[in-house]
file structure31.txt (compact mmCIF, C-alpha atoms)
# COMPACT_ATOMS: atom_id res chain seq x y z
CA MET A 1 -23.26 6.98 -20.31
CA PRO A 2 -24.42 8.47 -17.02
CA GLY A 3 -27.64 6.99 -15.73
CA GLN A 4 -27.56 4.16 -18.25
CA SER A 5 -28.54 0.82 -16.68
CA ASN A 6 -26.33 -2.21 -17.05
CA ALA A 7 -28.30 -5.14 -15.62
CA PRO A 8 -25.47 -7.73 -15.35
CA VAL A 9 -23.20 -5.21 -13.66
CA ASP A 10 -25.98 -4.11 -11.30
CA GLN A 11 -26.81 -7.71 -10.41
CA LEU A 12 -23.19 -8.65 -9.76
CA TYR A 13 -22.70 -5.55 -7.64
CA ALA A 14 -25.85 -6.35 -5.64
CA LEU A 15 -24.48 -9.85 -5.00
CA ILE A 16 -21.04 -8.64 -3.91
CA ALA A 17 -22.25 -5.64 -1.90
CA ASN A 18 -25.28 -7.41 -0.38
CA GLU A 19 -27.29 -4.38 -1.47
CA GLU A 20 -30.42 -4.40 0.68
CA ASP A 21 -30.38 -1.06 2.48
CA ALA A 22 -32.13 1.54 0.33
CA ARG A 23 -30.31 4.27 2.26
CA VAL A 24 -26.83 2.86 1.63
CA CYS A 25 -26.02 5.87 -0.60
CA LYS A 26 -26.95 8.45 2.01
CA ASP A 27 -23.41 9.92 2.10
CA ILE A 28 -23.06 10.47 -1.69
CA PRO A 29 -25.34 12.37 -4.13
CA GLU A 30 -28.20 10.58 -5.90
CA GLU A 31 -26.64 11.03 -9.36
CA ALA A 32 -23.43 9.37 -8.12
CA CYS A 33 -25.45 6.59 -6.49
CA ARG A 34 -26.86 5.54 -9.88
CA GLU A 35 -23.33 5.03 -11.19
CA VAL A 36 -22.04 3.08 -8.18
CA PRO A 37 -22.12 -0.46 -9.72
CA ARG A 38 -20.21 0.54 -12.87
CA ASN A 39 -17.74 2.71 -10.94
CA PHE A 40 -17.27 -0.04 -8.35
CA PHE A 41 -15.99 -2.48 -10.97
CA LEU A 42 -13.88 0.08 -12.85
CA ILE A 43 -12.14 1.12 -9.62
CA LEU A 44 -11.88 -2.54 -8.63
CA ALA A 45 -10.22 -3.50 -11.93
CA ALA A 46 -7.77 -0.58 -11.75
CA ASN A 47 -6.90 -1.47 -8.15
CA VAL A 48 -6.41 -5.15 -9.01
CA LEU A 49 -3.94 -4.30 -11.77
CA THR A 50 -1.95 -1.88 -9.63
CA LYS A 51 -1.85 -4.32 -6.70
CA LEU A 52 -0.59 -7.01 -9.07
CA GLY A 53 2.06 -4.58 -10.27
CA ASP A 54 2.95 -3.67 -6.67
CA LEU A 55 3.58 -7.32 -5.82
CA LEU A 56 5.72 -7.81 -8.92
CA ILE A 57 8.04 -4.92 -7.93
CA SER A 58 7.60 -5.12 -4.16
CA PRO A 59 10.48 -3.44 -2.26
CA LYS A 60 9.98 -6.03 0.48
CA THR A 61 10.61 -9.02 -1.79
CA VAL A 62 11.56 -8.54 -5.45
CA LEU A 63 13.54 -5.29 -5.15
CA ALA A 64 15.22 -6.42 -1.90
CA TRP A 65 16.36 -9.64 -3.57
CA MET A 66 17.26 -7.80 -6.78
CA MET A 67 19.55 -5.38 -4.93
CA SER A 68 21.65 -8.31 -3.72
CA ALA A 69 21.59 -9.88 -7.19
CA VAL A 70 23.00 -6.76 -8.88
CA GLY A 71 25.62 -6.33 -6.13
CA ALA A 72 24.18 -3.50 -4.02
CA PRO A 73 22.90 -5.14 -0.79
CA ALA A 74 23.67 -2.09 1.38
CA LEU A 75 20.86 -0.17 -0.37
CA VAL A 76 18.16 -2.61 0.78
CA ALA A 77 17.44 -0.64 3.97
CA TRP A 78 16.30 2.37 1.93
CA LEU A 79 13.82 0.61 -0.37
CA VAL A 80 10.69 0.71 1.80
CA PRO A 81 11.30 4.22 3.24
CA ILE A 82 11.87 5.70 -0.23
CA ARG A 83 8.99 3.76 -1.77
CA GLU A 84 6.58 4.97 0.89
CA SER A 85 7.88 8.41 1.85
CA GLY A 86 8.42 9.61 -1.72
CA SER A 87 4.68 9.31 -2.32
CA MET A 88 3.76 10.84 1.05
CA VAL A 89 6.01 13.81 1.79
CA PRO A 90 4.80 16.08 -1.07
CA GLN A 91 1.12 15.24 -0.61
CA MET A 92 0.11 18.44 1.15
CA VAL A 93 1.25 20.42 -1.89
CA ILE A 94 -0.33 17.86 -4.23
CA ALA A 95 -3.59 18.00 -2.27
CA ALA A 96 -3.72 21.80 -2.43
CA TRP A 97 -3.47 21.51 -6.21
CA VAL A 98 -5.95 18.62 -6.47
CA ARG A 99 -8.45 20.45 -4.23
CA ARG A 100 -8.91 23.13 -6.87
CA LYS A 101 -10.28 20.63 -9.40
CA ALA A 102 -13.91 19.53 -9.32
CA VAL A 103 -13.07 16.24 -11.11
CA ARG A 104 -9.97 14.48 -9.77
CA LYS A 105 -9.76 11.12 -11.49
CA TRP A 106 -7.23 12.48 -14.03
CA PHE A 107 -4.64 12.90 -11.30
CA TRP A 108 -4.85 9.18 -10.61
CA THR A 109 -4.58 8.34 -14.32
CA LEU A 110 -1.50 10.51 -14.82
CA GLY A 111 0.05 9.09 -11.65
CA SER A 112 -0.49 5.55 -12.95
CA PHE A 113 1.22 6.41 -16.24
CA GLY A 114 4.10 8.00 -14.31
CA GLN A 115 4.59 4.82 -12.28
CA SER A 116 4.75 2.82 -15.50
CA VAL A 117 7.51 5.05 -16.94
CA SER A 118 9.55 4.84 -13.73
CA VAL A 119 9.35 1.03 -13.65
CA VAL A 120 10.65 0.91 -17.24
CA GLY A 121 13.59 3.01 -16.00
CA MET A 122 14.28 0.46 -13.25
CA ALA A 123 14.26 -2.35 -15.81
CA ALA A 124 16.78 -0.42 -17.93
CA SER A 125 19.05 0.00 -14.89
CA VAL A 126 19.02 -3.74 -14.20
CA TRP A 127 19.71 -4.57 -17.84
CA PHE A 128 22.37 -2.00 -18.74
CA LEU A 129 24.13 -1.28 -15.40
CA GLU A 130 25.72 -3.35 -12.65
CA GLY A 131 26.80 -3.08 -9.03
CA TYR A 132 25.98 0.07 -7.13
CA ALA A 133 25.32 1.93 -10.39
CA ALA A 134 22.43 -0.48 -11.05
CA GLY A 135 21.31 -0.14 -7.43
CA MET A 136 21.29 3.64 -7.62
CA GLY A 137 19.37 3.42 -10.92
CA ILE A 138 16.72 1.34 -9.14
CA ILE A 139 16.63 3.86 -6.28
CA ALA A 140 16.23 6.78 -8.73
CA GLY A 141 13.39 4.98 -10.51
CA LEU A 142 11.79 4.27 -7.14
CA VAL A 143 11.89 7.98 -6.24
CA VAL A 144 10.04 8.90 -9.45
CA PHE A 145 7.64 5.98 -8.89
CA SER A 146 6.83 7.21 -5.40
CA LEU A 147 6.24 10.80 -6.47
CA ALA A 148 3.81 9.64 -9.18
CA ARG A 149 2.11 7.45 -6.61
CA GLY A 150 1.49 10.49 -4.42
CA PHE A 151 -1.00 11.80 -6.98
CA CYS A 152 -2.74 8.41 -7.03
CA SER A 153 -2.96 8.24 -3.25
CA VAL A 154 -4.62 11.65 -2.85
CA ALA A 155 -6.95 11.19 -5.82
CA MET A 156 -8.01 7.60 -5.02
CA LYS A 157 -9.38 8.31 -1.56
CA ASP A 158 -11.23 11.36 -2.82
CA VAL A 159 -12.71 9.69 -5.92
CA GLN A 160 -13.64 6.60 -3.93
CA GLY A 161 -15.28 8.76 -1.28
CA LYS A 162 -17.33 10.54 -3.99
CA CYS A 163 -18.25 7.44 -6.03
CA ILE A 164 -18.56 4.56 -3.52
CA PRO A 165 -20.84 4.79 -0.46
CA LYS A 166 -19.73 4.21 3.10
CA THR A 167 -19.91 0.54 4.21
CA ARG A 168 -18.94 -0.55 0.66
CA ARG A 169 -15.43 0.92 0.52
CA GLY A 170 -13.75 -1.68 2.71
CA ARG A 171 -14.99 -4.60 0.63
CA LEU A 172 -13.90 -2.84 -2.56
CA SER A 173 -10.33 -2.58 -1.25
CA GLY A 174 -10.48 -6.10 0.15
CA LEU A 175 -11.71 -7.62 -3.11
CA ALA A 176 -9.03 -5.78 -5.09
CA THR A 177 -6.28 -7.11 -2.83
CA THR A 178 -7.70 -10.64 -2.82
CA ILE A 179 -8.03 -10.83 -6.61
CA GLY A 180 -4.65 -9.20 -7.14
CA GLY A 181 -3.03 -11.58 -4.67
CA SER A 182 -4.69 -14.62 -6.28
CA LEU A 183 -3.48 -13.57 -9.74
CA THR A 184 0.02 -13.08 -8.37
CA VAL A 185 -0.05 -16.59 -6.90
CA ALA A 186 -0.79 -17.97 -10.36
CA MET A 187 1.80 -15.71 -11.99
CA THR A 188 4.44 -16.64 -9.40
CA ALA A 189 3.90 -20.33 -10.10
CA LEU A 190 4.28 -19.74 -13.85
CA LEU A 191 7.35 -17.52 -13.56
CA PHE A 192 9.31 -19.29 -10.81
CA TRP A 193 8.32 -22.95 -11.15
CA ASP A 194 11.48 -25.09 -11.68
CA ARG A 195 13.39 -22.07 -13.00
CA GLY A 196 16.39 -22.03 -10.65
CA ASP A 197 18.33 -18.82 -9.96
CA PRO A 198 16.65 -15.90 -11.82
CA THR A 199 18.74 -13.99 -14.37
CA LEU A 200 18.89 -10.21 -14.74
CA GLY A 201 16.80 -10.57 -17.87
CA PHE A 202 14.14 -12.28 -15.79
CA TYR A 203 14.08 -9.38 -13.32
CA SER A 204 13.73 -6.95 -16.24
CA LEU A 205 10.78 -8.98 -17.54
CA LEU A 206 9.01 -8.72 -14.15
CA LEU A 207 9.43 -4.94 -14.16
CA LEU A 208 8.26 -4.49 -17.76
CA LEU A 209 5.19 -6.64 -17.08
CA ALA A 210 4.35 -4.44 -14.09
CA ALA A 211 4.75 -1.31 -16.25
CA VAL A 212 2.15 -2.60 -18.73
CA LEU A 213 -0.31 -3.22 -15.86
CA TRP A 214 -0.11 0.42 -14.72
CA VAL A 215 -0.83 1.68 -18.24
CA ILE A 216 -3.98 -0.45 -18.50
CA ALA A 217 -5.07 0.60 -15.00
CA GLY A 218 -4.72 4.26 -15.96
CA PHE A 219 -7.07 3.88 -18.91
CA LEU A 220 -9.63 1.99 -16.79
CA PHE A 221 -9.65 4.63 -14.07
CA ALA A 222 -10.10 7.35 -16.69
CA SER A 223 -13.45 5.69 -17.52
CA VAL A 224 -14.86 6.19 -14.00
CA GLU A 225 -17.98 8.41 -14.04
CA GLU A 226 -17.00 11.04 -11.47
CA PHE A 227 -19.33 13.96 -10.94
CA PRO A 228 -17.90 17.39 -10.08
CA GLY A 229 -17.44 17.94 -6.37
CA GLU A 230 -16.63 20.83 -4.12
CA THR A 231 -13.44 22.78 -4.74
CA GLY A 232 -11.45 25.02 -2.51
CA GLY A 233 -8.34 27.09 -2.26
CA GLY A 234 -7.09 29.76 -4.55
CA ASN A 235 -3.89 30.52 -2.66
CA ASN A 236 -0.38 29.34 -3.29
CA ALA A 237 -0.18 25.53 -2.97
CA MET A 238 2.73 25.67 -0.50
CA THR A 239 0.92 28.24 1.66
CA GLU A 240 -2.19 26.07 1.76
CA ALA A 241 -0.07 23.03 2.56
CA ILE A 242 1.51 24.74 5.57
CA GLN A 243 -1.88 25.99 6.76
CA SER A 244 -3.33 22.48 6.60
CA LEU A 245 -0.79 21.32 9.21
CA SER A 246 -2.98 23.09 11.77
CA LEU A 247 -5.17 19.97 11.65
CA LEU A 248 -2.57 18.22 13.80
CA ARG A 249 -2.93 20.93 16.43
CA ASP A 250 -6.69 21.50 16.34
CA ASP A 251 -8.18 18.10 15.47
CA ALA A 252 -7.51 15.72 18.37
CA PRO A 253 -9.08 12.55 16.83
CA PHE A 254 -7.09 13.08 13.63
CA ARG A 255 -3.88 13.69 15.60
CA HIS A 256 -4.43 10.46 17.52
CA PHE A 257 -4.95 8.57 14.24
CA VAL A 258 -1.66 9.93 12.83
CA VAL A 259 0.26 8.93 15.97
CA THR A 260 -1.22 5.43 15.82
CA ARG A 261 -0.43 5.09 12.14
CA ALA A 262 3.16 6.19 12.75
CA LEU A 263 3.66 3.51 15.39
CA LEU A 264 2.28 0.87 13.01
CA LEU A 265 5.00 1.48 10.42
CA CYS A 266 6.57 -1.66 11.87
CA SER A 267 4.46 -3.93 9.65
CA ALA A 268 5.99 -2.39 6.51
CA LEU A 269 9.55 -1.79 7.70
CA ALA A 270 10.16 -5.25 9.19
CA SER A 271 9.38 -7.29 6.07
CA PRO A 272 12.64 -6.72 4.12
CA TYR A 273 14.67 -7.86 7.13
CA PHE A 274 12.87 -11.21 7.09
CA VAL A 275 13.96 -11.53 3.45
CA VAL A 276 17.55 -10.48 4.23
CA LEU A 277 17.87 -13.00 7.08
CA ALA A 278 16.48 -15.76 4.86
CA GLN A 279 18.87 -14.86 2.03
CA LYS A 280 21.84 -15.05 4.40
CA GLN A 281 20.75 -18.51 5.52
CA SER A 282 19.70 -19.86 2.10
CA ASP A 283 21.25 -18.05 -0.85
CA VAL A 284 19.23 -19.76 -3.60
CA GLY A 285 17.18 -18.05 -6.29
CA TRP A 286 13.99 -20.01 -5.77
CA MET A 287 13.58 -18.51 -2.29
CA LEU A 288 12.56 -15.24 -3.95
CA GLY A 289 9.64 -17.09 -5.53
CA VAL A 290 8.72 -18.47 -2.10
CA PHE A 291 8.59 -14.99 -0.56
CA LEU A 292 6.63 -13.59 -3.49
CA LEU A 293 4.22 -16.52 -3.20
CA ALA A 294 3.89 -15.94 0.56
CA SER A 295 3.08 -12.26 -0.03
CA SER A 296 0.55 -13.13 -2.74
CA LEU A 297 -1.16 -15.82 -0.69
CA ALA A 298 -1.35 -13.55 2.32
CA SER A 299 -3.12 -10.90 0.24
CA SER A 300 -5.51 -13.32 -1.42
CA VAL A 301 -6.57 -15.19 1.72
CA SER A 302 -6.89 -12.23 4.09
CA ALA A 303 -7.82 -9.04 2.24
CA SER A 304 -11.50 -9.76 1.65
CA PHE A 305 -11.88 -10.80 5.28
CA TRP A 306 -10.20 -7.57 6.40
CA GLY A 307 -12.32 -5.58 3.92
CA TRP A 308 -15.67 -6.92 5.12
CA ALA A 309 -14.53 -6.55 8.74
CA ALA A 310 -13.48 -2.93 8.08
CA ASP A 311 -16.99 -2.10 6.88
CA THR A 312 -18.19 -3.15 10.34
CA SER A 313 -15.35 -1.60 12.35
CA SER A 314 -12.13 -0.36 10.74
CA ARG A 315 -10.83 0.41 14.23
CA ARG A 316 -10.98 -3.24 15.28
CA VAL A 317 -9.22 -4.25 12.03
CA ILE A 318 -6.34 -1.90 12.86
CA ILE A 319 -6.09 -3.35 16.38
CA ARG A 320 -6.05 -6.97 15.19
CA GLY A 321 -3.54 -6.29 12.44
CA ALA A 322 -1.28 -4.44 14.85
CA ALA A 323 -1.41 -7.27 17.39
CA MET A 324 -0.45 -9.84 14.72
CA ALA A 325 2.39 -7.72 13.34
CA SER A 326 3.85 -7.02 16.75
CA ALA A 327 3.61 -10.68 17.81
CA VAL A 328 5.32 -12.12 14.72
CA CYS A 329 8.14 -9.54 14.82
CA LEU A 330 8.85 -10.23 18.48
CA LEU A 331 8.65 -14.00 17.93
CA VAL A 332 11.09 -13.92 15.00
CA GLY A 333 13.42 -11.43 16.67
CA PHE A 334 13.74 -13.17 20.01
CA SER A 335 13.88 -16.66 18.40
CA ALA A 336 16.76 -15.58 16.17
CA LEU A 337 18.46 -13.85 19.11
CA ILE A 338 18.21 -16.86 21.43
CA PHE A 339 18.64 -19.78 19.01
CA GLY A 340 20.59 -18.09 16.21
CA PRO A 341 19.57 -16.76 12.75
CA GLY A 342 19.25 -20.31 11.39
CA VAL A 343 16.34 -21.07 13.73
CA GLY A 344 13.54 -23.17 12.22
CA GLY A 345 15.29 -24.03 8.96
CA ALA A 346 14.77 -22.60 5.47
CA TRP A 347 10.99 -22.22 5.80
CA PHE A 348 10.88 -20.32 9.09
CA TYR A 349 11.31 -16.84 7.61
CA PRO A 350 8.92 -17.30 4.65
CA ALA A 351 6.26 -18.60 7.06
CA ALA A 352 6.78 -15.64 9.38
CA PHE A 353 6.76 -13.30 6.39
CA PHE A 354 3.39 -14.80 5.37
CA VAL A 355 1.87 -14.01 8.79
CA LEU A 356 3.39 -10.53 8.81
CA SER A 357 1.96 -9.87 5.33
CA ILE A 358 -1.53 -10.84 6.57
CA ALA A 359 -1.09 -8.48 9.51
CA HIS A 360 0.15 -5.66 7.27
CA ALA A 361 -2.84 -6.12 4.95
CA GLY A 362 -5.12 -5.64 7.96
CA VAL A 363 -3.27 -2.57 9.24
CA ARG A 364 -3.14 -1.00 5.77
CA LEU A 365 -6.77 -1.68 4.82
CA GLY A 366 -8.08 -0.78 8.25
CA ARG A 367 -6.36 2.59 8.43
CA LYS A 368 -7.31 3.49 4.82
CA THR A 369 -10.99 2.73 5.47
CA TYR A 370 -10.82 4.53 8.84
CA LEU A 371 -9.42 7.68 7.22
CA VAL A 372 -12.01 7.76 4.42
CA ASP A 373 -14.88 7.22 6.87
CA MET A 374 -13.78 9.79 9.45
CA ALA A 375 -13.89 12.74 7.02
CA GLY A 376 -15.85 14.07 4.07
CA GLY A 377 -15.50 16.53 1.19
CA ASN A 378 -12.27 18.54 1.07
CA LYS A 379 -11.53 17.50 4.64
CA ARG A 380 -10.92 13.98 3.35
CA THR A 381 -8.31 15.31 0.95
CA ASP A 382 -6.65 17.35 3.72
CA TYR A 383 -6.64 14.41 6.15
CA THR A 384 -5.05 12.17 3.53
CA ALA A 385 -2.41 14.70 2.54
CA VAL A 386 -1.40 15.79 6.05
CA SER A 387 -1.24 12.26 7.47
CA ASN A 388 0.70 10.94 4.49
CA THR A 389 3.17 13.84 4.57
CA VAL A 390 3.86 13.41 8.28
CA ILE A 391 4.19 9.64 7.93
CA GLY A 392 6.47 10.10 4.92
CA VAL A 393 8.88 12.25 6.93
CA LEU A 394 8.79 9.80 9.84
CA LEU A 395 9.46 6.94 7.42
CA LEU A 396 12.67 8.59 6.26
CA VAL A 397 13.74 9.20 9.84
CA THR A 398 12.82 5.67 10.94
CA GLY A 399 14.40 4.21 7.81
CA GLY A 400 17.66 6.00 8.60
CA LEU A 401 17.62 4.76 12.20
CA THR A 402 16.86 1.16 11.20
CA ALA A 403 19.53 1.30 8.47
CA ALA A 404 22.07 2.39 11.10
CA LEU A 405 20.87 -0.25 13.55
CA SER A 406 21.04 -2.94 10.84
CA LEU A 407 24.78 -2.31 10.56
CA ILE A 408 24.96 -3.75 14.07
CA SER A 409 22.21 -6.40 13.89
CA ASP A 410 19.25 -7.16 11.62
CA ILE A 411 17.73 -9.07 14.52
CA ALA A 412 17.78 -5.99 16.75
CA VAL A 413 15.89 -4.06 14.05
CA ILE A 414 13.09 -6.65 14.03
CA ILE A 415 12.77 -6.63 17.83
CA VAL A 416 12.64 -2.82 18.00
CA LEU A 417 9.98 -2.72 15.28
CA GLY A 418 7.98 -5.37 17.14
CA LEU A 419 7.96 -3.24 20.29
CA MET A 420 6.94 -0.25 18.20
CA GLY A 421 4.01 -2.24 16.81
CA PHE A 422 2.87 -3.26 20.30
CA THR A 423 2.77 0.42 21.31
CA GLY A 424 0.75 1.13 18.16
CA MET A 425 -1.77 -1.54 19.10
CA VAL A 426 -2.25 0.04 22.53
CA SER A 427 -2.76 3.43 20.86
CA ALA A 428 -5.30 1.94 18.42
CA LEU A 429 -7.40 0.71 21.35
CA ARG A 430 -8.13 4.37 22.15
CA LEU A 431 -9.32 5.32 18.63
CA LYS A 432 -13.02 6.15 18.40
CA GLU A 433 -15.39 4.23 16.12
CA VAL A 434 -16.12 5.98 12.82
CA THR A 435 -17.72 3.31 10.63
CA GLU A 436 -21.17 3.47 12.16
CA ASP A 437 -23.19 6.70 12.20
call {"tool": "encode", "arguments": {"input": "structure31.txt", "output": "structure tokens"}}
result
Amino acid sequence: MPGQSNAPVDQLYALIANEEDARVCKDIPEEACREVPRNFFLILAANVLTKLGDLLISPKTVLAWMMSAVGAPALVAWLVPIRESGSMVPQMVIAAWVRRKAVRKWFWTLGSFGQSVSVVGMAASVWFLEGYAAGMGIIAGLVVFSLARGFCSVAMKDVQGKCIPKTRRGRLSGLATTIGGSLTVAMTALLFWDRGDPTLGFYSLLLLLAAVLWVIAGFLFASVEEFPGETGGGNNAMTEAIQSLSLLRDDAPFRHFVVTRALLLCSALASPYFVVLAQKQSDVGWMLGVFLLASSLASSVSASFWGWAADTSSRRVIIRGAAMASAVCLLVGFSALIFGPGVGGAWFYPAAFFVLSIAHAGVRLGRKTYLVDMAGGNKRTDYTAVSNTVIGVLLLVTGGLTAALSLISDIAVIIVLGLMGFTGMVSALRLKEVTED
């Protein structure tokens, strides 16, 4: 019930948030401030479950390996672009619709349920189809998954901005990633330990388990106590979406952020190529478990650090993550080019993937916190939608270019993405600070 005190929850929140500043809620209403501890843990739990699900169906690891297992390796290059762009491209239209509602948590709940249904469809494709038919079934499920995720992306930033005060949002995201990563480490050990080459039934089990997690997360998020906020827009959603693009022309700091974020796509796009190179050098099933473990460990050991750091300066987190991503891509690319793809033995690529995953966690968490902190009210929704739509289009374009380049050389793709990341780091150096008032 609103306003009802829950001492254990309040005490645990005070411990985690280091709640000493009486003015910490100055950017959210007083009634919302009273519900912060309970909402913090509900949003945390929902995020943990979805992050666990994300790792279990990660396009960079599980789906990339699964595509080769079902006999459709040529479709690997499209996994990350479709997974990301499908949730981003329609967000200006989604945001125009969401903006009209005073309470927006239900969009996230419905999006979570939609992701669950799409993952069940992927599992059915793996179980009942084979070859490129199975691969296309996975791609179709991923398209639906991404569209449902678009609702979650717009709603999450807005609900979090209304329910969680500034300087506490970074640690919320960091804790969710750390706990989700730690749980995935334990789950990976249970699922892959001494199992040998995974069967198609095993892949289906991973997907169905992830689907259950999204259903539970949806119910948890529906329990968040969100107070009505400002609404806006009574025009056609597409008209409003087109009008919101003027932000790129008129808002210089926002335009600079979008350019920087576009350059930092390297941390997401390079990961599957590490997996592909490793699979070509060591075609054994247990290597999938190693990559999944590397991704999980990277999340669990780094996310809380990035989260706390983002509450101090999300700009510096972006810069550090970009520097790490660029460095590891260039190291792997040039090492493989000079010494051959077999450089460093079987563990070279998983180790590099681990470092890249840490860097990507920093880039991702830093830019999410930066975006939430740089805007308020409906402007936050517009910033999220416009930036995600632009990045979604660029992801499809970049994905097509890297897919074409990969026909020539996977190593060349990694080097090009590393150079792109270095340019993004230089651009991030010119971002202004937004965390501190």
call {"tool": "closest_residue", "arguments": {"input": "structure31.txt", "among": "A:Ala77, A:Leu190, A:Leu207, A:Leu52", "to": "Ser125 of chain A", "atoms": "only C-alpha atoms"}}
result
A:Leu207
call {"tool": "closest_residue", "arguments": {"input": "structure31.txt", "among": "A:Leu293, A:Ile138, A:Ala74, A:Ile318", "to": "Ser267 of chain A", "atoms": "all atoms listed in the file"}}
result
A:Ile318
call {"tool": "atom_distance", "arguments": {"input": "structure31.txt", "atom1": "atom CA of Gly289 of chain A", "atom2": "atom CA of Leu142 of chain A"}}
result
21.5 Å
call {"tool": "atom_distance", "arguments": {"input": "structure31.txt", "atom1": "atom CA of Tyr370 of chain A", "atom2": "atom CA of Val332 of chain A"}}
result
29.3 Å
call {"tool": "residues_around", "arguments": {"input": "structure31.txt", "residues": "Ala124 of chain A", "least_positions_apart": "2", "cutoff": "9 Å", "atoms": "all atoms listed in the file", "output": "list in words"}}
result
Val119, Val120, Gly121, Met122, Val126, Trp127, Phe128, Leu129, Ala134, Gly137, Ile138 and Ser204 of chain A
call {"tool": "atom_distance", "arguments": {"input": "structure31.txt", "atom1": "atom CA of Trp97 of chain A", "atom2": "atom CA of Cys152 of chain A"}}
result
13.1 Å
call {"tool": "closest_residue", "arguments": {"input": "structure31.txt", "among": "A:Thr389, A:Ser112, A:Thr177, A:Ser118", "to": "Ile216 of chain A", "atoms": "only C-alpha atoms"}}
result
A:Ser112
call {"tool": "axis_aligned_box", "arguments": {"input": "structure31.txt", "around": "segment 160-176 of chain A", "padding_each_side": "3 Å", "output": "lines of an AutoDock Vina configuration file"}}
result
center_x = -14.9
center_y = 1.5
center_z = -0.9
size_x = 17.8
size_y = 24.2
size_z = 16.2
call {"tool": "closest_residue", "arguments": {"input": "structure31.txt", "among": "A:Phe227, A:Phe107, A:Phe422, A:Phe254", "to": "Met324 of chain A", "atoms": "all atoms listed in the file"}}
result
A:Phe422
call {"tool": "residues_near_point", "arguments": {"input": "structure31.txt", "point": "(-2.9, -9.4, 10.7)", "cutoff": "8 Å", "atoms": "all atoms listed in the file", "output": "JSON, numbers by chain"}}
result
{"A": [320, 321, 322, 323, 324, 325, 355, 356, 357, 358, 359, 360, 361, 362, 363]}
